Structure formats: C-alpha cells, structure tokens
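Participant: Before I ask anything, here is the structure I am working with.
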Amino acid sequence: MNMMDTEDKYLHFPPYSERVWIDVRSPEEYAHGHIPGAHNIPLFTDEEREKVGTTYVTIGRNEAVTEGLTYVGNKLHTFENQLLSILQKEKKNRVMVYCARGGMRSESMGWLFKLYNHDVEVFPRGFSGFKKLLPQYVAKISKLVLLDGPTGAGKTDLLLEMKRAGAQVIDLEGIAHHKGSAFGYYADRTQPTNEMIYSEIVVQLSRMDMSHPIFLESESKKIGSREVPDVLFNKMQNGFLMTIESPKTERFKRIMDGYSQLPQEMLTEAFEKIKKRLGANEMQEAIRLVHAKDYQGAIQIALHYYDKAYDQSAEKLWRGRHIGKVIHTTENTAKIATEIIQTTEQWFSSSHTNPK
C-alpha cells in the first residue's frame with residue numbers, strides 16, 4: 001500500500017489531528033526525533049530496549065518477546081494512567097499509536113489501550129514510514145518560490161507576513177531555531193536535531209496544496225549546525241526566485257536589532273568562525289569592537305563580509321528562474337508581502353512553471 005494513501009486515512013498529523021498521537025519508542029529514540037506534537041509513553045526504557053534487542057539478535061524472537069513481557073508486566077496500569085493524563089490535557093478521546101516501524105511495540109500498546117476501551121489506531125510503518133513521506137511530498141511540489149537577497153533584507157519578516165496573509169510558507173530558520181549565518185544563534189534557544197527539522201517539514205508539507213506556490217528563504221545547505229534535508233535542498237536549487245532588495249541603512253538596522261542582543265562571547269565566536277573569509281586583521285578588529293561594546297562598528301565589518309559572500313554565491317547556488325524583484329523597507333512589509341503573493345500568482349498564471 002502506498003504510504004500517501006495510508007496517511008490520508010489518518011488525517012492529520014499533530015497538532016492538527018483529531019487524535020492524540022502517542023510515540024511508544026524509548027526516551028532516547030523519541031528525543032532524537034519524533035512526529036512533532038506526539039507524546040512519549042515508552043514501552044521500554046532505553047536500557048530495556050537495548051537488552052531486548054540484544055536478545056532478539058543473539059538468541060531469537062520468542063526469547064526477546066518473553067524478556068520484554070517481564071519488563072512491561074508491572075507497568076501496564078502506569079501506561080493507562082499516563083494516557084489518561086495526556087487525553088485530559090489535550091481534551092481529546094481518540095488515540096493514534098506508533099513506534100519505529102509499526103511493529104510489535106505499537107501493536108502491543110494499541111492492544112493494551114483498546115482493553116481499556118479507548119478508540120485506538122496504529123499508524124502503519126511508524127516513524128520510519130512517516131519520514132519517507134518527505135520525498136513523496138517534495139516530488140509533488142510544482143511551484144517552490146525562494147525569497148533571495150542579501151543578509152538584512154528582511155526575508156524572514158516578509159515570509160511571516162506572507163503566512164499571515166494566507167500564503168503557504170515554510171520558515172526553515174524558525175524550524176531550525178537559527179537565523180542561518182555565523183551570527184544566527186539564538187541566545188535562549190538550542191537547535192533541534194536534524195531528525196526533528198526533517199519531521200517538522202513533513203508535518204508542514206502535509207497541510208499544503210502542492211499545486212500552489214510554497215514560499216521559503218534561499219538558505220544554504222547548513223542552518224547553524226543543522227542541515228536542510230537533501231531532497232528539499234535539491235528542489236530548492238531549481239526553485240523560482242523572488243529577489244528582495246533593501247536600502248543598506250535598513251539592512252544595517254535589522255542586523256543590529258537581531259545580533260546586538262547576543263552575548264559578547266557568542267559574537268566573538270561568530271567572528272572567529274568567519275576568520276578565513278574575513279581576514280585575520282578584520283576579525284581581530286571586529287572582536288575588539290565587540291569587547292568595546294561598539295556593536296555598530298563590528299556589524300559594519302560583518303555586513304561587508306555578508307555582501308561579499310552573497311555576491312560570490314548568488315549566481316552559483318540557484319539554477320531556477322527569476323520571477324521578479326521588490327524593494328523592502330520596514331514600513332512597507334505588509335504591502336511588499338502582498339505584492340510578492342500577487343506577482344507570483346500572475347507570473348505562474350502566464351508562464352511555464354518548469355524551472356530550467
């Protein structure tokens with residue numbers, strides 16, 4: 001059975017589902033990556049899972065099942081209490097259970113919850129099958145539009161405004177908790193795992209109409225210490241481009257607003273990361289300015305670096321077709337967001353949509 005067909009049966013993924021989603025894998029598996037919005041009720045602890053797996057490989061399936069039963073026997077009522085607490089919090093009464101591949105763990109927990117008279121479904125193929133949806137979704141996208149432009153042009157602001165206006169938007173920087181540059185770390189947030197970024201993109205795409213434009217920013221492969229999934233990045237390289245320009249004074253202000261709030265040690269580390277392209281002397285001067293709290297001077301150096309890097313890479317990375325260009329200032333964000341949406345719709349209605 002095609003995974004897309006089975007997914008349709010279980011509309012939709014959390015947090016949009018009418019069901020509460022329960023991940024019954026171990027805490028370590030869940031922490032590494034799970035379906036966003038799913039709750040974890042682990043059948044086994046990390047240690048128990050490892051022991052059962054070893055028994056399965058070295059002795060056999062029946063022995064592994066027997067060992068597993070000894071671990072869960074005293075926890076059955078605990079599982080039910082955990083589920084009741086989650087259902088009460090979510091204010092829902094229907095359940096979707098999944099494990100790694102839709103195998104014994106999810107079937108067992110599904111059976112148990114049904115004994116307690118819950119309305120339960122088991123998600124086929126589990127988390128592994130869920131991840132396989134990404135290339136299927138991406139293959140169906142026909143109009144992927146990238147907002148392209150230098151650092152500080154306000155591309156993220158435009159994307160968020162476009163989303164508020166009803167456009168289909170994937171905010172990769174928001175998903176990755178990073179602004180996409182050496183200076184892009186949030187002081188109060190850590191980056192999710194690559195698996196969680198992948199999963200969040202799957203959930204967002206599951207809600208979108210692939211025949212209509214989908215907008216995102218023209219990111220590089222890496223966002224901080226994380227990566228855009230290969231299948232999506234390959235699609236982006238052949239996407240349609242909308243160029244965003246902005247006066248240098250505006251760009252400088254946006255960068256100041258965003259980066260001057262970072263702790264000095266994070267700014268220092270960021271300049272050290274770009275030493276090779278910035279030059280040792282410029283890097284040392286920038287760090288001196290940071291320590292002197294002359295953030296304007298330091299960011300002037302950073303802006304020069306960004307512009308040089310953008311000019312060198314702008315024509316090399318993206319192979320798609322240009323839709324148009326807009327001039328973005330802080331005061332006209334809403335107007336420009338609307339203009340991008342309208343221009344894109346007009347362009348697609350009068351043009352062939354296959355990028356070269």
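Labels for the structure tokens follow display order: chains A, B, ..., residues from 1 in each chain, ligands from 1.
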Just the residues within 9 Å of region 68-82 of chain A, please, counting only C-alpha atoms, with nothing from its chain fewer than 5 positions along; format it as a ChimeraX atom specification.
Facilitator: /A:41-44,48-49,51-52,63,87,109,112-113,116
Participant: Which residues are near Glu265 (chain A)? Cut-off 10 Å, only C-alpha atoms, ignore same chain within fewer than 5 positions. Put them as a list in words.
Facilitator: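 Using only C-alpha atoms, the neighbours found are Ala270, Ile287, Val290 and His291 of chain A.
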Participant: Okay, now the selection with N, CA, C and O atoms, as a PDB file, in the first residue's frame?
Facilitator:
```
ATOM      1  N   ALA A 270      31.365  33.940  16.682  1.00  0.00           N
ATOM      2  CA  ALA A 270      30.879  34.058  15.313  1.00  0.00           C
ATOM      3  C   ALA A 270      31.928  34.681  14.404  1.00  0.00           C
ATOM      4  O   ALA A 270      32.155  34.220  13.283  1.00  0.00           O
ATOM      5  N   ILE A 287      36.403  41.815  16.754  1.00  0.00           N
ATOM      6  CA  ILE A 287      36.335  41.315  18.132  1.00  0.00           C
ATOM      7  C   ILE A 287      36.684  42.424  19.123  1.00  0.00           C
ATOM      8  O   ILE A 287      36.074  42.539  20.190  1.00  0.00           O
ATOM      9  N   VAL A 290      33.625  44.463  19.502  1.00  0.00           N
ATOM     10  CA  VAL A 290      32.624  43.758  20.309  1.00  0.00           C
ATOM     11  C   VAL A 290      32.939  43.936  21.792  1.00  0.00           C
ATOM     12  O   VAL A 290      32.057  44.244  22.601  1.00  0.00           O
ATOM     13  N   HIS A 291      34.206  43.725  22.160  1.00  0.00           N
ATOM     14  CA  HIS A 291      34.591  43.859  23.566  1.00  0.00           C
ATOM     15  C   HIS A 291      34.434  45.298  24.062  1.00  0.00           C
ATOM     16  O   HIS A 291      34.191  45.531  25.259  1.00  0.00           O
TER      17      HIS A 291
END
```
Participant: Kindly indicate which residue among A:Pro247, A:Gly174, A:Pro192, A:Gly239 lies nearest to Arg226 (chain A), using only C-alpha atoms for the distances.
Facilitator: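 Of the candidates, the smallest distance to Arg226 (chain A) is held by A:Pro192.
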Participant: Among region 21-159 of chain A, which ones does DSSP assign to strand (DSSP E) (computed from the backbone)? Answer as a list in words.
Facilitator: Trp21, Ile22, Asp23, His39, Asn40, Arg94, Val95, Met96, Val97, Tyr98, Asp119, Val120, Glu121, Val122, Leu144, Val145, Leu146, Leu147 and Asp148 of chain A
Participant: CA of Ser260 (chain A) and CA of Tyr295 (chain A), how far apart in Å?
Facilitator: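 Answer for the CA of Tyr295 (chain A) to CA of Ser260 (chain A) separation: 6.2 Å.
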